[in-house]
Protein chains: 2
Amino acid sequence: MNAPLPVHLLPDIHQRETPAALLDALKARFAERCSTALVVREQHGRDESSFAAPPPAAVLFAESTQDVADAVKLASHYNVPVIAFGVGTSLEGHLLAVQGGISIDVSRMNRVLSINADDLTVTVQAGVTRKQLNEEVKSTGLFFPIDPGADATLGGMSATRASGTNAVRYGTMRENVLALQVVTASGDIIRTGTRAKKSSAGYDLTRLMVGSEGTLGVITEVTVKLYPLPEAISAAICSFPSIEAAVRTTIEVIQLGVPIARVELIDHNTVRMVNAHSKLGLREEPLLLMEFHGSPSSVKEQAELVQEIASGHGGNAFEWASTPEERTRLWTARHNAYFAAIQSRPGCRAISTDTCVPISRLADCLLESVAEADASGIPYFLVGHVGDGNFHFGYLIDPDNPEERAVAEALNHTLVSRALRLEGTCTGEHGVGLHKMDFLVSETGDGAVEMMRTIKRALDPKNIMNPGKIFTL
Amino acid sequence: MNAPLPVHLLPDIHQRETPAALLDALKARFAERCSTALVVREQHGRDESSFAAPPPAAVLFAESTQDVADAVKLASHYNVPVIAFGVGTSLEGHLLAVQGGISIDVSRMNRVLSINADDLTVTVQAGVTRKQLNEEVKSTGLFFPIDPGADATLGGMSATRASGTNAVRYGTMRENVLALQVVTASGDIIRTGTRAKKSSAGYDLTRLMVGSEGTLGVITEVTVKLYPLPEAISAAICSFPSIEAAVRTTIEVIQLGVPIARVELIDHNTVRMVNAHSKLGLREEPLLLMEFHGSPSSVKEQAELVQEIASGHGGNAFEWASTPEERTRLWTARHNAYFAAIQSRPGCRAISTDTCVPISRLADCLLESVAEADASGIPYFLVGHVGDGNFHFGYLIDPDNPEERAVAEALNHTLVSRALRLEGTCTGEHGVGLHKMDFLVSETGDGAVEMMRTIKRALDPKNIMNPGKIFTL
C-alpha cells in the first residue's frame, strides 16, 4: 500500500519525548500488557485517515478503568501524551501520535456491565463494539440503533459523536448517551450523568465529553439508550433518474415529518463499486436505500407515502426487502461501500468529506459538488445519510501523487465552504481530528474555538490528552 | 403574601458592592433603560422559589445582543455580577441577586428572527416566550413542543435545560436547541452550533450552555427545532383506583415503546385543587392526562393499546378530548395546577421537588414518597411528567412557620436520597439554582462538580456570571 501523507506537513505538530523512566514505570505496573514492539505500536499509530505519523512509544492494553487511571497518572507525571484506542476506525487521524506519547488500547474492556431492559438502558465498558452490544441485548427484544458503518467501539463512537444510518430517526451519540465514566487528565475517575432520561443537574459534562475526541479525558464506561425492536421493519430500494431526483424525494420526506428510520443515498458510481464488491445486481443509477420501522400499519403508511413522493420525482417502483436476511445483505453492501470504493482503485487512499447542511440546502450543496467532482477527473464515491443533510464524498487519490491530493483537498475545501455558507457544518459525524481544524475556525468563529481552548487548558493543563487534535493550542 | 426564606440562611452567600461608577456608566450608555427604581429592582430580584435576597442594584432593559455585551463588559470592568432575567418563572432562585449585581432583562429582545420552515428550525431572540413562538410559527403548520408549563422565555428555558409535558416524545431543550448566540463573561459575542441537524465539530458548547443557568454566559439568541403539527391529536383522561395503578400503566406504556406525546399524572389531592381553580368536574381520583400525536390510524392504534394497558390496571374508561378547545381547557387546567395548589392554602409557598428516575424505578420512588408526605400532615400537590420518570411534589408551607419548612425540607431530602439511590437525578428540569447544590454533589460526586467548577473558573475568572448558583466556588 502506498504511504499516506506524513503529518509533518500539517501545522504545529511536534513530537514530545517519552522518557525511559515512564516506560519502565508502565512495564513495572502492567508487565506484558505494556508493549513497545514496533508492530504493535505501528498498528496503534494509524487509522483510516490519509495521514501518517510516527507510532506511539508504547501501547498499554487496559483491562479496567483503574488501569486507564494508573496509566494516565503516570503519563501526567512525565508530561507525556495519551491517546485512547478502540478498534482504529477513525477517519480523521484521531489515533495518530502526532506529538508522541502512549496509546491506551481499551479493546479488552469489552464487558457489557448491566442491561436494564425495563429502563431501555445499557451500561458497557468503552471497548464494547456496536455489533457486540446488539448481539448481547438481542434476547431482551431491544436494540441499539447508532450505526456508523464500521463496527466501532462505544467509547470511540462517544468520543467522535458518531451517528450513521439510523440517526435520522434515533439521533446520534449526542442524543443517546445518558452517562459516562471518564478518566480525567489528572488520572481521576469521574461519572457524568445518571440513568434518568433527563436531568437539569449542573453542566452537561456528558455532552461535553461526547465529541471531545479524547482531548478532555478517556471514556471508560458508557450508558446508552436502547429501543424496542420495531414490530415491523421494511427496507426498500428505489432508483432515480438523477441524484437531484433522489435528493428532492428525501427533502420532501423529511419536511413532511415521515418518521423514516433510514434513508441513504448511493450515487451511480458507488452502486457500480458496490455491485462489484458485494456481488449485487443493483441498477446502476442513483438510489435511495430506505428502512421503515413501526407497527405493521404504520410501516405500510410510511412506505406508501414515501413511494408516492418518490414517484413524483421519477423514482422507479420500490424493491422490497422484508426478510432479515435480505435486509442484512443490503445494509452490509451499504456499509461496505467504503471498502468497495477503495478496492476499485488499487493502492488508493480516500479523502473523505463529511459536510452536513440543513435539509432544504441539501440539493444546492450536493449537486454543485457533484458537478465539481465530475469535472476534476478524480474518481470518487458518494454516499449520504441524506435524511440528516449529511453526505460523504470519498475522493480516491493516489497518495504518491501530490497533484491528485491537491485537487481532492481543493474539492473538499470548496465543498466545506459551500456547506458553511448554507449554514451547515464541516463534519456531521467523523469529528475534526487533524484534518478539519481550519474548517472548525471558519465554521464556529475564533471566539467559540477560543472558548474550546480555554476549557481544554483548564481541564488538561499539561496538554497530554490526545494533543494536536481539534484545534492548535 | 408572607415572606420567603431569606437567602442569608444559605451557605456561602455574600453581597458584593456595586460601585456608583458602574451605575453612572450604565446610565450614560442606556439612559432610561437602566433603572434603579426600587419597585423595578424588587420585581427582578425574586422568582417563584421560596427564597428571598436583596434586589439587584440596577436593572438593564436590553434591546439587542450588543446591549447585553456592553453591559457585561462594564460589569466585568467593575467586577460586578450580572443575572439574566427573562420573565421570572424560575423555581430554584436562579434570578436572585444573592451576591448583588445587576439584572439584565432580555424580555424586550422578543423578535422571531428567522423561521426556516423548510428545515424545521427557527431562530429567536432570547426573550421570546414559548407561547409567542408557537403563535408566530402557526401559519407554517409547524410547532415548538417544549412546554414547561409557565410561559417562559426561550433563553430561560435553554439556561435551565427545561422540558415539561411533551418531553416524553419530543425531548427536552437538550435535544431541541441546535445553536446559540451567547455573550461571554468578557462581553464577547460567540455563536455555538449551526442549523445542521447534527455535527461533530468540536466541543458541544451549545449543550454546555444549555443548563448552565446563566453562570457561563448570557444567552441572547436560540435556534430550535420545530415539528410538523401532527395530522391527528387526541387527548384522553383516565382515572385510576390508586396512584400505583396509574404509575404501573405509565411504566408499561413506556416499556412497550408507545410513542405517546404526553402522559401526566395528577393525584387526587391535586385534582380537587384543579377542579376548584379551573371549574372542572374531574373525578377526584388519581388520573393520567394523555395525548397522542400522529396519523389518524397511528393515534387510534396508540390509544387502543394504552386503553388496554390502563384497563389491566383498573383504569376507568377514557374520556376523550378531540377538539382543540377541549384539549386546551384540559392542558390549561394541568398547567394551572401549581397556582391552583398555591390558592388552596392562602399565604402559602410551595417547596417544589423535581426528582427524575429511570422508568422502572418510578413506582418505588413515588409511592414511598407519597406515604411519607401523607404521614407528615403538610398539604401538598403532586403532578408528574411520569413518562419520563419525573414528578413534582409541592409541599404547601406557611413560610412563617419554621417547623413546616423543616418538615418539607426533610421530605424533599428523603425523596432526593431515594431518587439518587434508584440511579436518578435531583432535578429533572428545574435546575440546581440555590436549592440543590448539596444534592448535586451527592448525585455526581466531588470529581464531577470539581470539573464544573474548573470550567466555570476558566470561562468566568471574575465569577460575575450569576454567581452563587449550581455550586459554591
# chains A, B, ... in the order shown; residues from 1 in each chain; ligands from 1

$ select_by_dssp --residues "segment 152-265 of chain A" --states "strand (DSSP E)" --output "ChimeraX atom specification"
/A:177-184,189-192,217-225,227-228,232-239,262-265

$ closest_atom_pairs --of "segment 247-268 of chain A" --to "segment 314-331 of chain A" --cutoff "12 Å" --atoms "only C-alpha atoms" --output "tab-separated table"
residue	atom	partner	partner_atom	distance
A:Val247	CA	A:Gly315	CA	11.0
A:Arg248	CA	A:Gly314	CA	10.6
A:Thr249	CA	A:Gly315	CA	8.6
A:Thr250	CA	A:Gly315	CA	11.4
A:Arg262	CA	A:Trp331	CA	10.4
A:Val263	CA	A:Trp331	CA	11.4
A:Glu264	CA	A:Trp331	CA	10.0
A:Ile266	CA	A:Trp331	CA	11.9

$ atom_distance --atom1 "atom CA of Val383 of chain B" --atom2 "atom CA of Asn336 of chain B"
11.1 Å

$ select_by_dssp --residues "segment 150-391 of chain A" --states "helix (DSSP H, G or I)" --output "MDAnalysis selection string"
chainID A and resid 154:159 167:170 173:176 205:209 243:255 268:278 296:312 324:335 337:344 359:376 386:388

$ closest_residue --among "A:Leu280, A:Lys436, A:Val106, A:Pro228" --to "Pro259 of chain B" --atoms "only C-alpha atoms"
A:Pro228

$ closest_residue --among "A:Glu429, A:Asp446, A:Glu368, A:Asp188" --to "Leu411 of chain A" --atoms "only C-alpha atoms"
A:Glu368

$ residues_around --residues "Ala185 of chain A" --least-positions-apart "4" --cutoff "8 Å" --atoms "only C-alpha atoms" --output "list of chain:residue names"
A:Val72, A:Lys73, A:Ser76, A:Leu216, A:Gly217, A:Leu459, A:Asp460, A:Ile464, A:Met465
